[in-house]
Amino acid sequence: MRLSICSRGIVLLVVAAAPETGRAQTVLRLQHADRVRLAEARHLADQVCDQLWPGWGHTMFQVLLVGDSAEFLVGDQRHLSNFTRLGYDPVLGAEVLTRPRRFSPTLLATFPAVDGVPTIVIGSAERTGKSSTAWVLTLLHEHFHQWQYSQPDYHAGVSRLGLARGDTTGQWMLDYPFPYDSAPIQRGMRSLAKALVQALEARPEMRRRTLQAVSDNRATLRDLLTAADYRYFEFQLWQEGVARFIEYATAGAAAEAWEPSADFRSLPDYEPYSQVAEGALRDLRLELEQLDLARQRRVAFYPIGAALALLLDETRVDWKRAYTRQPFRLPDLLSGSQ
């Protein structure tokens with residue numbers, strides 16, 4: 001039985017499951033706060049994706065929101081045998097389907113989770129420990145991963161890196177045995193992070209010298225790593241570092257030319273995009289200054305890649321198109337900076 005109930009201007013999509021013998025009927029709902037956040041993310045994406053990155057706006061935005069007992073699929077797929085259709089949500093601008101929970105409600109990842117389609121699998125803001133605004137920006141980070149995965153040569157290019165070691169699940173991207181505990185490599189990473197801070201803060205007349213320092217420190221780190229380890233390092237800068245940059249860019253664009261919905265602003269943990277954008281850049285500098293490869297492991301690559309992307313955004317007008325022509329080699333793009 002499918003119902004669409006309107007109450008006080010808020011549309012709640014409800015499905016009543018068939019009762020089992022001797023058990024009460026179960027009702028599943030897409031919670032109001034979750035629905036407001038999802039709508040905000042989808043509408044914000046419509047506004048900024050093509051503005052921030054060529055071609056991003058044409059990427060399928062499929063989300064699997066993981067609740068405590070059920071999962072809700074928001075996207076364009078309508079006929080999946082293991083989901084129950086709740087109907088079209090005009091506020092979200094998409095179909096909503098549901099099924100019993102399979103994934104952790106604290107998960108935050110993008111992978112082919114539904115019918116082979118790259119899907120953002122994410123718990124609520126409360127379960128992932130984020131404010132509503134930060135959660136929306138994280139969703140856009142993950143949506144950028146969907147764009148990356150949609151590139152024609154992405155999967156073949158990843159395969160050519162030769163890093164999977166027989167793993168066909170993609171888990172190697174998280175578990176690759178990078179030498180995080182090597183003292184020389186930790187020092188090399190800290191030196192590169194320091195050079196990036198100096199380049200980001202440099203006056204125009206000092207920019208060329210500081211960019212050269214970034215390149216020199218990158219070359220030093222490359223000499224410390226095996227060829228495979230360096231390919232993994234650059235892969236993470238290209239994939240995760242630029243997705244982190246997208247969070248900053250989205251917050252900045254939203255602060256300049258986006259009006260959040262009244263429902264989104266009314267959420268108790270709402271933060272203005274301008275406030276989040278300013279805080280994100282302060283936090284990036286701190287992350288670079290306090291980089292700890294041994295403790296942060298793979299996450300230490302995120303601020304390095306984000307800082308490189310910010311430098312490219314300031315110094316090379318065509319870098320976003322070059323990004324896909326030269327995959328997994330983000331630092332190489334600095335050589336074309338003006």
# chains A, B, ... in the order shown; residues from 1 in each chain; ligands from 1
$ select_by_dssp --residues "region 126-252 of chain A" --states "helix (DSSP H, G or I)" --output "number ranges by chain"
A: 126-128, 132-150, 154-160, 172-175, 183-201, 204-224, 227-252
$ atom_distance --atom1 "CA of Ala262 (chain A)" --atom2 "CA of Glu40 (chain A)"
10.2 Å
$ residues_around --residues "Arg187 (chain A)" --least-positions-apart "4" --cutoff "10 Å" --atoms "only C-alpha atoms" --output "PyMOL selection string"
chain A and resi 182-183+191-193+221+291-293
$ write_last_selection --atoms "N, CA, C and O atoms" --output "PDB file, in the first residue's frame"
ATOM      1  N   SER A 182      57.006   5.450   7.779  1.00  0.00           N
ATOM      2  CA  SER A 182      58.398   5.759   7.446  1.00  0.00           C
ATOM      3  C   SER A 182      58.741   7.186   7.864  1.00  0.00           C
ATOM      4  O   SER A 182      58.106   8.143   7.419  1.00  0.00           O
ATOM      5  N   ALA A 183      59.747   7.344   8.715  1.00  0.00           N
ATOM      6  CA  ALA A 183      60.127   8.681   9.183  1.00  0.00           C
ATOM      7  C   ALA A 183      60.585   9.589   8.038  1.00  0.00           C
ATOM      8  O   ALA A 183      60.186  10.765   7.993  1.00  0.00           O
ATOM      9  N   SER A 191      57.291  18.630   4.712  1.00  0.00           N
ATOM     10  CA  SER A 191      57.967  19.680   3.935  1.00  0.00           C
ATOM     11  C   SER A 191      57.114  20.116   2.754  1.00  0.00           C
ATOM     12  O   SER A 191      57.025  21.317   2.451  1.00  0.00           O
ATOM     13  N   LEU A 192      56.476  19.170   2.093  1.00  0.00           N
ATOM     14  CA  LEU A 192      55.590  19.512   0.984  1.00  0.00           C
ATOM     15  C   LEU A 192      54.403  20.336   1.482  1.00  0.00           C
ATOM     16  O   LEU A 192      54.014  21.329   0.862  1.00  0.00           O
ATOM     17  N   ALA A 193      53.828  19.939   2.621  1.00  0.00           N
ATOM     18  CA  ALA A 193      52.694  20.680   3.179  1.00  0.00           C
ATOM     19  C   ALA A 193      53.095  22.111   3.533  1.00  0.00           C
ATOM     20  O   ALA A 193      52.352  23.065   3.266  1.00  0.00           O
ATOM     21  N   LEU A 221      60.010  14.016  -2.353  1.00  0.00           N
ATOM     22  CA  LEU A 221      59.143  12.957  -1.853  1.00  0.00           C
ATOM     23  C   LEU A 221      59.067  11.807  -2.847  1.00  0.00           C
ATOM     24  O   LEU A 221      59.110  10.633  -2.459  1.00  0.00           O
ATOM     25  N   LEU A 291      50.196  18.523   9.655  1.00  0.00           N
ATOM     26  CA  LEU A 291      50.071  17.249   8.954  1.00  0.00           C
ATOM     27  C   LEU A 291      50.799  16.140   9.705  1.00  0.00           C
ATOM     28  O   LEU A 291      51.954  16.298  10.095  1.00  0.00           O
ATOM     29  N   ASP A 292      50.113  15.024   9.909  1.00  0.00           N
ATOM     30  CA  ASP A 292      50.665  13.898  10.659  1.00  0.00           C
ATOM     31  C   ASP A 292      50.349  12.619   9.890  1.00  0.00           C
ATOM     32  O   ASP A 292      49.295  12.015  10.067  1.00  0.00           O
ATOM     33  N   LEU A 293      51.252  12.220   9.024  1.00  0.00           N
ATOM     34  CA  LEU A 293      51.018  11.066   8.155  1.00  0.00           C
ATOM     35  C   LEU A 293      50.808   9.790   8.961  1.00  0.00           C
ATOM     36  O   LEU A 293      49.945   8.976   8.616  1.00  0.00           O
TER      37      LEU A 293
END
$ closest_residue --among "A:Arg99, A:His155, A:Arg127, A:Arg282" --to "Leu64 (chain A)" --atoms "only C-alpha atoms"
A:Arg99
$ residues_around --residues "Val121 (chain A)" --least-positions-apart "4" --cutoff "10 Å" --atoms "only C-alpha atoms" --output "PyMOL selection string"
chain A and resi 62-66+71-73+103-114+139+142
$ closest_residue --among "A:Asp332, A:Glu95, A:Asp46, A:Glu234" --to "Leu140 (chain A)" --atoms "only C-alpha atoms"
A:Asp46
$ residues_around --residues "Pro179 (chain A)" --least-positions-apart "6" --cutoff "9 Å" --atoms "only C-alpha atoms" --output "list in words"
Ile185, Gln186, Leu225, Asp229 and Ala294 of chain A
$ write_last_selection --atoms "N, CA, C and O atoms" --output "PDB file, in the first residue's frame"
ATOM      1  N   ILE A 185      59.630   9.583   4.925  1.00  0.00           N
ATOM      2  CA  ILE A 185      58.465   9.956   4.133  1.00  0.00           C
ATOM      3  C   ILE A 185      57.570  10.913   4.911  1.00  0.00           C
ATOM      4  O   ILE A 185      56.997  11.851   4.341  1.00  0.00           O
ATOM      5  N   GLN A 186      57.467  10.726   6.213  1.00  0.00           N
ATOM      6  CA  GLN A 186      56.717  11.679   7.035  1.00  0.00           C
ATOM      7  C   GLN A 186      57.333  13.069   6.946  1.00  0.00           C
ATOM      8  O   GLN A 186      56.620  14.071   6.809  1.00  0.00           O
ATOM      9  N   LEU A 225      59.903   7.438  -2.421  1.00  0.00           N
ATOM     10  CA  LEU A 225      58.866   6.423  -2.578  1.00  0.00           C
ATOM     11  C   LEU A 225      59.206   5.463  -3.716  1.00  0.00           C
ATOM     12  O   LEU A 225      59.904   5.823  -4.667  1.00  0.00           O
ATOM     13  N   ASP A 229      54.212   3.214  -4.914  1.00  0.00           N
ATOM     14  CA  ASP A 229      53.745   4.053  -3.819  1.00  0.00           C
ATOM     15  C   ASP A 229      53.498   5.479  -4.289  1.00  0.00           C
ATOM     16  O   ASP A 229      52.535   6.128  -3.858  1.00  0.00           O
ATOM     17  N   ALA A 294      51.568   9.623  10.031  1.00  0.00           N
ATOM     18  CA  ALA A 294      51.448   8.397  10.826  1.00  0.00           C
ATOM     19  C   ALA A 294      50.070   8.275  11.453  1.00  0.00           C
ATOM     20  O   ALA A 294      49.516   7.171  11.545  1.00  0.00           O
TER      21      ALA A 294
END
$ select_by_dssp --residues "region 15-217 of chain A" --states "strand (DSSP E or B)" --output "ChimeraX atom specification"
/A:15-16,27-29,63-66,70-75,84-89,94-100,108-114,117-123
$ write_last_selection --atoms "C-alpha atoms" --output "compact mmCIF listing (two decimals), in the first residue's frame"
# COMPACT_ATOMS: atom_id res chain seq x y z
CA VAL A 15 5.08 3.11 2.82
CA ALA A 16 3.13 0.66 4.94
CA VAL A 27 5.69 2.26 8.70
CA LEU A 28 8.82 3.66 7.05
CA ARG A 29 9.38 7.37 6.57
CA VAL A 63 21.91 8.82 -3.15
CA LEU A 64 21.22 5.94 -0.79
CA LEU A 65 20.41 7.46 2.60
CA VAL A 66 21.02 4.88 5.32
CA ALA A 70 15.80 1.27 6.36
CA GLU A 71 17.58 2.74 3.35
CA PHE A 72 16.07 5.33 1.02
CA LEU A 73 17.18 5.57 -2.59
CA VAL A 74 16.83 9.00 -4.18
CA GLY A 75 17.52 9.14 -7.91
CA THR A 84 9.71 -0.68 -2.66
CA ARG A 85 8.72 2.42 -4.61
CA LEU A 86 7.48 5.32 -2.49
CA GLY A 87 6.80 7.59 -5.46
CA TYR A 88 8.00 10.80 -7.01
CA ASP A 89 8.94 13.55 -4.55
CA ALA A 94 13.31 12.49 -7.94
CA GLU A 95 11.85 9.09 -7.26
CA VAL A 96 12.24 7.69 -3.75
CA LEU A 97 12.47 3.96 -3.04
CA THR A 98 13.16 2.04 0.14
CA ARG A 99 14.44 -1.29 1.39
CA PRO A 100 15.54 -2.74 4.75
CA LEU A 108 29.98 7.88 3.88
CA ALA A 109 31.21 6.61 0.51
CA THR A 110 30.50 6.41 -3.22
CA PHE A 111 30.57 3.07 -5.01
CA PRO A 112 28.32 0.92 -7.30
CA ALA A 113 26.01 0.05 -4.42
CA VAL A 114 22.75 -0.14 -6.39
CA VAL A 117 25.46 2.56 -10.60
CA PRO A 118 27.91 4.76 -8.62
CA THR A 119 25.78 5.67 -5.63
CA ILE A 120 26.45 7.94 -2.66
CA VAL A 121 25.85 5.79 0.42
CA ILE A 122 25.54 8.07 3.42
CA GLY A 123 24.09 8.15 6.89
